[in-house]
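Structure first, commentary second.
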Amino acid sequence: MARGTAPFSSAALREVRRRRRVDGRLLSAAELARRVGTSKSRILAYEKGTSVPEPQRIEQLAEVFGIPPRRLCPAVPDAADGIRRLRVAAGLTSAEAAERLGISRNTYRDLELHAKLPARRYATLPQRLAEVFEVSPRTVHRSLDSHPQAAERRQEIARLLTALFRRAHETGRPAAVGADEPELRALAPLLRRSVGMTCRLVDHELGRLRGYLRERAAEEATAAYGQDEDDIRRARDQVKQLTERIERAAVQAAVSWTRFLAEAMTSRQWRLVVRLLNAEAVPEARLLDFGELEAWQGLAAQGLITRERTPDGGTSGFVLTPAGLARALHEARLYACLYPRVPAPSRTARVVARRKFLDARKRWTPAAPVQNRPTAGPVS
C-alpha cells in the first residue's frame, strides 16, 4: 500500500478490535500493540484519530485481524460504489460474495455495477446481502437506492407512470390500462415484474388517484359554495394538499414501488402471513403443515414473526411481530396485485387480528426469534 492511497479510519480500527475475534478472543489494545510491535498508547492514539499509522503499519494491523487493509482505509463515499464498499468491509472478493449468495459472478457484477437485482431472487437477495456482509437490511437498501443508475431507473419509472396516470383524469371511461400499451410494456422490465403484475399495480394506483380527484372536486365545491368561513378555509387547505398529492403521484409511486418490490415477501411467505393474520397463533407442531420451513425462517430473519410465550414459560405458537402486523395490514392491497391467487384477508379478519395481537402483546412477551439454520423438523 503506497502512502496516501486512502485515508485511515480510526473508527474502523476501533470497531474491528472490539468486534472481531483473533484466536477465539477479542484483543485488548495492549495485546494488539504487542502483535504489531508498538505501544498501547500508540494503538489508542490510532483509535482516537490523534495519530495516523504508516502504510506498513496499516498492513500489519489488517493482517492481525485477517482483513484487507482497505477495511481500515475506507474510500471516500461514492453512491455508485455502495455495495462494493460493503463487500470490501466484509473482507470478501467478488467471487466469494457471489458464492455465498448463491448467484453467478456475472449476476453479482451487475449488482455492484448497476444495482440490479436478479428477477428470480429480487425479494430475497437484499436479506441475504445483509447476512453475508453482516450489516442491516436498511444499509443494503440504502446502498442500492443511492446508486446513480437506480436513480435513473426511478426517474424513467416516474416518466412512464406520468403518461399512464393521465388516464385517471379522463372522464366517462374506466381508469384502467391495457397489457398491450407501450408505456406499460416499457415499465414492466424496469420494475422487474411481469406485464400482468405491472398492469395490476398501475390499475391499483389509478383507482387511488381517481379517489383523490373525487375528493378534491368535493372540497372545491365546498370552497366555492360553502356558507361557513371555517369550512371554506378547511376546504381550501384540503384542495391544496390533494393537488400536491395528485401532482406527485407518479414520483411517489416510483419511489414507493421500488422499495416495496425490493422488500416484498415471496408468495409462500405472504400466504403464511395471511394465515397468521387470520388466526391468533400457529402452533409449532403444525409449522410444516403451513409451508416450507425456509419460508418461515425468511419471515423470522426479517423480524416479521416470532414465537409467543405463555405466562408459565411455554410456547403457544407463532404470531406476527408489530413490524409484521404493520406490513400485513398496510400492504395487503399491493400484495393482492402481486399474488392474486393468494386469498387476501378480509377487512373484518384484519380488524379482529389487530385486536387479538394487541391483546396478546399486553399479556405475553415474545420469545427468542426463529433460528435461520434449516433443520429436519419444526424449529426448536
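Just so we're on the same page: first chain in the C-alpha cells is A, next is B, and so on; residues restart at 1 for each chain, and ligands are numbered from 1 in the order they show up.
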>> Show me, as a list in words, the residues that have an atom within 9 Å of Thr162 (chain A) when counting only C-alpha atoms, minus same-chain residues fewer than 6 positions from it.
In response: Ala249, Ala250 and Val251 of chain A
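The residue set within 7 Å of region 166-171 of chain A, counting only C-alpha atoms and dropping same-chain residues fewer than 2 places from it, reads Thr162, Ala163, Leu164, Arg173, Ala175, Leu206, Leu209 and Arg210 of chain A.
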>> I need the residue nearest Leu191 (chain A) from this list: A:Leu261, A:Ala295, A:Leu113, A:Leu161. Use only C-alpha atoms for the distance.
In response: A:Leu261
>> Considering only C-alpha atoms, can you say which of A:Glu96, A:Ala12, A:Gly102, A:Arg341 comes closest to Ala62 (chain A)?
In response: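 For Ala62 (chain A), the nearest of the candidates is A:Ala12.
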> DSSP on the backbone: what in region 134-207 of chain A comes out helix (DSSP H, G or I), as a PyMOL selection string?
Replying inline: chain A and resi 137-145+148-169+182-191+195-207
Just the selected residues (N, CA and C atoms), exported as a short mmCIF file (atom, residue, chain, number, x, y, z; two decimals), in the first residue's frame, please.
data_model
loop_
_atom_site.label_atom_id
_atom_site.label_comp_id
_atom_site.auth_asym_id
_atom_site.auth_seq_id
_atom_site.Cartn_x
_atom_site.Cartn_y
_atom_site.Cartn_z
N PRO A 137 -30.44 -4.85 6.86
CA PRO A 137 -31.10 -4.74 5.55
C PRO A 137 -31.29 -3.30 5.11
N ARG A 138 -31.50 -2.40 6.04
CA ARG A 138 -31.67 -0.99 5.70
C ARG A 138 -30.41 -0.44 5.04
N THR A 139 -29.23 -0.86 5.52
CA THR A 139 -27.97 -0.41 4.92
C THR A 139 -27.86 -0.90 3.48
N VAL A 140 -28.26 -2.13 3.24
CA VAL A 140 -28.22 -2.68 1.88
C VAL A 140 -29.16 -1.90 0.97
N HIS A 141 -30.38 -1.67 1.42
CA HIS A 141 -31.34 -0.95 0.60
C HIS A 141 -30.87 0.49 0.33
N ARG A 142 -30.26 1.11 1.32
CA ARG A 142 -29.77 2.47 1.13
C ARG A 142 -28.67 2.49 0.08
N SER A 143 -27.79 1.48 0.10
CA SER A 143 -26.72 1.41 -0.89
C SER A 143 -27.28 1.19 -2.30
N LEU A 144 -28.29 0.34 -2.41
CA LEU A 144 -28.90 0.10 -3.73
C LEU A 144 -29.67 1.33 -4.22
N ASP A 145 -30.44 1.95 -3.32
CA ASP A 145 -31.27 3.09 -3.73
C ASP A 145 -30.44 4.29 -4.14
N PRO A 148 -26.48 5.75 -8.77
CA PRO A 148 -26.95 6.64 -9.85
C PRO A 148 -27.87 5.95 -10.85
N GLN A 149 -27.55 4.70 -11.20
CA GLN A 149 -28.40 4.02 -12.18
C GLN A 149 -29.77 3.68 -11.59
N ALA A 150 -29.80 3.41 -10.28
CA ALA A 150 -31.09 3.18 -9.63
C ALA A 150 -31.93 4.45 -9.65
N ALA A 151 -31.27 5.59 -9.44
CA ALA A 151 -31.98 6.88 -9.50
C ALA A 151 -32.50 7.14 -10.91
N GLU A 152 -31.71 6.81 -11.92
CA GLU A 152 -32.15 6.99 -13.30
C GLU A 152 -33.36 6.09 -13.61
N ARG A 153 -33.35 4.87 -13.09
CA ARG A 153 -34.49 3.98 -13.32
C ARG A 153 -35.75 4.53 -12.66
N ARG A 154 -35.61 5.09 -11.46
CA ARG A 154 -36.78 5.67 -10.80
C ARG A 154 -37.33 6.85 -11.60
N GLN A 155 -36.45 7.65 -12.18
CA GLN A 155 -36.90 8.78 -13.00
C GLN A 155 -37.65 8.29 -14.23
N GLU A 156 -37.16 7.23 -14.86
CA GLU A 156 -37.83 6.69 -16.03
C GLU A 156 -39.17 6.07 -15.64
N ILE A 157 -39.21 5.40 -14.49
CA ILE A 157 -40.47 4.84 -14.00
C ILE A 157 -41.48 5.96 -13.78
N ALA A 158 -41.04 7.06 -13.16
CA ALA A 158 -41.93 8.19 -12.92
C ALA A 158 -42.43 8.79 -14.23
N ARG A 159 -41.56 8.86 -15.24
CA ARG A 159 -41.97 9.42 -16.53
C ARG A 159 -43.05 8.55 -17.18
N LEU A 160 -42.86 7.24 -17.15
CA LEU A 160 -43.84 6.35 -17.75
C LEU A 160 -45.16 6.38 -16.97
N LEU A 161 -45.06 6.45 -15.64
CA LEU A 161 -46.28 6.50 -14.84
C LEU A 161 -47.04 7.80 -15.06
N THR A 162 -46.32 8.89 -15.29
CA THR A 162 -46.98 10.16 -15.57
C THR A 162 -47.89 10.04 -16.80
N ALA A 163 -47.36 9.35 -17.83
CA ALA A 163 -48.17 9.14 -19.03
C ALA A 163 -49.37 8.23 -18.75
N LEU A 164 -49.15 7.17 -17.98
CA LEU A 164 -50.25 6.25 -17.69
C LEU A 164 -51.28 6.85 -16.75
N PHE A 165 -50.84 7.71 -15.83
CA PHE A 165 -51.75 8.27 -14.84
C PHE A 165 -52.68 9.33 -15.44
N ARG A 166 -52.41 9.77 -16.68
CA ARG A 166 -53.34 10.70 -17.31
C ARG A 166 -54.72 10.07 -17.47
N ARG A 167 -54.74 8.74 -17.46
CA ARG A 167 -56.00 8.02 -17.60
C ARG A 167 -56.96 8.36 -16.47
N ALA A 168 -56.42 8.65 -15.30
CA ALA A 168 -57.29 8.95 -14.16
C ALA A 168 -58.04 10.26 -14.34
N HIS A 169 -57.51 11.17 -15.16
CA HIS A 169 -58.14 12.48 -15.35
C HIS A 169 -59.19 12.46 -16.45
N PRO A 182 -47.77 0.58 -24.82
CA PRO A 182 -46.29 0.65 -24.88
C PRO A 182 -45.67 1.13 -23.57
N GLU A 183 -46.30 2.12 -22.91
CA GLU A 183 -45.73 2.60 -21.64
C GLU A 183 -45.71 1.50 -20.59
N LEU A 184 -46.76 0.70 -20.57
CA LEU A 184 -46.82 -0.38 -19.59
C LEU A 184 -45.77 -1.45 -19.89
N ARG A 185 -45.60 -1.77 -21.15
CA ARG A 185 -44.62 -2.80 -21.53
C ARG A 185 -43.20 -2.31 -21.28
N ALA A 186 -42.99 -1.01 -21.36
CA ALA A 186 -41.67 -0.46 -21.03
C ALA A 186 -41.46 -0.39 -19.52
N LEU A 187 -42.54 -0.27 -18.77
CA LEU A 187 -42.44 -0.16 -17.32
C LEU A 187 -42.13 -1.49 -16.66
N ALA A 188 -42.67 -2.59 -17.20
CA ALA A 188 -42.53 -3.90 -16.57
C ALA A 188 -41.07 -4.30 -16.34
N PRO A 189 -40.17 -4.21 -17.35
CA PRO A 189 -38.78 -4.61 -17.10
C PRO A 189 -38.07 -3.71 -16.11
N LEU A 190 -38.48 -2.45 -16.01
CA LEU A 190 -37.86 -1.55 -15.03
C LEU A 190 -38.24 -1.96 -13.61
N LEU A 191 -39.45 -2.47 -13.43
CA LEU A 191 -39.90 -2.95 -12.12
C LEU A 191 -39.48 -4.39 -11.86
N VAL A 195 -45.69 -8.24 -17.12
CA VAL A 195 -46.60 -7.22 -17.62
C VAL A 195 -47.93 -7.28 -16.88
N GLY A 196 -48.44 -8.50 -16.63
CA GLY A 196 -49.69 -8.64 -15.92
C GLY A 196 -49.63 -8.08 -14.52
N MET A 197 -48.55 -8.37 -13.79
CA MET A 197 -48.39 -7.87 -12.43
C MET A 197 -48.26 -6.34 -12.44
N THR A 198 -47.49 -5.82 -13.40
CA THR A 198 -47.32 -4.37 -13.52
C THR A 198 -48.65 -3.71 -13.82
N CYS A 199 -49.44 -4.34 -14.67
CA CYS A 199 -50.76 -3.81 -15.01
C CYS A 199 -51.64 -3.70 -13.77
N ARG A 200 -51.62 -4.71 -12.92
CA ARG A 200 -52.42 -4.68 -11.70
C ARG A 200 -51.96 -3.58 -10.75
N LEU A 201 -50.65 -3.38 -10.65
CA LEU A 201 -50.13 -2.31 -9.80
C LEU A 201 -50.57 -0.94 -10.31
N VAL A 202 -50.48 -0.74 -11.62
CA VAL A 202 -50.87 0.55 -12.19
C VAL A 202 -52.36 0.79 -11.99
N ASP A 203 -53.18 -0.23 -12.24
CA ASP A 203 -54.63 -0.08 -12.06
C ASP A 203 -54.98 0.23 -10.60
N HIS A 204 -54.27 -0.40 -9.67
CA HIS A 204 -54.49 -0.11 -8.25
C HIS A 204 -54.20 1.35 -7.95
N GLU A 205 -53.09 1.85 -8.48
CA GLU A 205 -52.72 3.24 -8.22
C GLU A 205 -53.67 4.21 -8.93
N LEU A 206 -54.15 3.84 -10.11
CA LEU A 206 -55.12 4.67 -10.81
C LEU A 206 -56.41 4.78 -10.01
N GLY A 207 -56.82 3.71 -9.36
CA GLY A 207 -58.01 3.76 -8.52
C GLY A 207 -57.82 4.73 -7.36
#
>> Applying 12 Å and only C-alpha atoms, which residues near Gly91 (chain A) remain after dropping the ones on its own chain fewer than 6 positions away? List them as a list in words.
In response: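 The contact residues come out as Val16, Arg20, Ala62, Glu63, Phe65, Gly66, Ile67, Pro68, Pro69, Arg70, Arg71, Leu72, Arg84, Arg85, Ala97, Val132, Phe133 and Glu134 of chain A.
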Restricting the output to C-alpha atoms, write the selected residues as a PDB file, in the first residue's frame.
ATOM      1  CA  VAL A  16     -12.669  -4.150  14.266  1.00  0.00           C
ATOM      2  CA  ARG A  20     -13.526  -9.226  15.503  1.00  0.00           C
ATOM      3  CA  ALA A  62      -5.046  -5.726   8.915  1.00  0.00           C
ATOM      4  CA  GLU A  63      -3.008  -8.938   8.920  1.00  0.00           C
ATOM      5  CA  PHE A  65      -7.343  -9.350  12.143  1.00  0.00           C
ATOM      6  CA  GLY A  66      -7.276 -11.245   8.851  1.00  0.00           C
ATOM      7  CA  ILE A  67      -8.949  -8.454   6.889  1.00  0.00           C
ATOM      8  CA  PRO A  68      -7.931  -6.498   3.776  1.00  0.00           C
ATOM      9  CA  PRO A  69      -6.120  -3.198   4.501  1.00  0.00           C
ATOM     10  CA  ARG A  70      -8.888  -1.354   2.643  1.00  0.00           C
ATOM     11  CA  ARG A  71     -11.237  -2.076   5.511  1.00  0.00           C
ATOM     12  CA  LEU A  72      -9.137   0.219   7.691  1.00  0.00           C
ATOM     13  CA  ARG A  84     -18.703  -2.884  -3.313  1.00  0.00           C
ATOM     14  CA  ARG A  85     -17.727  -0.996  -0.156  1.00  0.00           C
ATOM     15  CA  ALA A  97     -19.596 -12.928  -2.301  1.00  0.00           C
ATOM     16  CA  VAL A 132     -23.343 -12.092   4.156  1.00  0.00           C
ATOM     17  CA  PHE A 133     -21.995  -8.554   4.657  1.00  0.00           C
ATOM     18  CA  GLU A 134     -23.044  -8.508   8.345  1.00  0.00           C
TER      19      GLU A 134
END
>> Using only C-alpha atoms, can you tell me which of A:Leu117, A:Ala11, A:Leu129, A:Leu338 comes closest to Gly49 (chain A)?
In response: A:Ala11
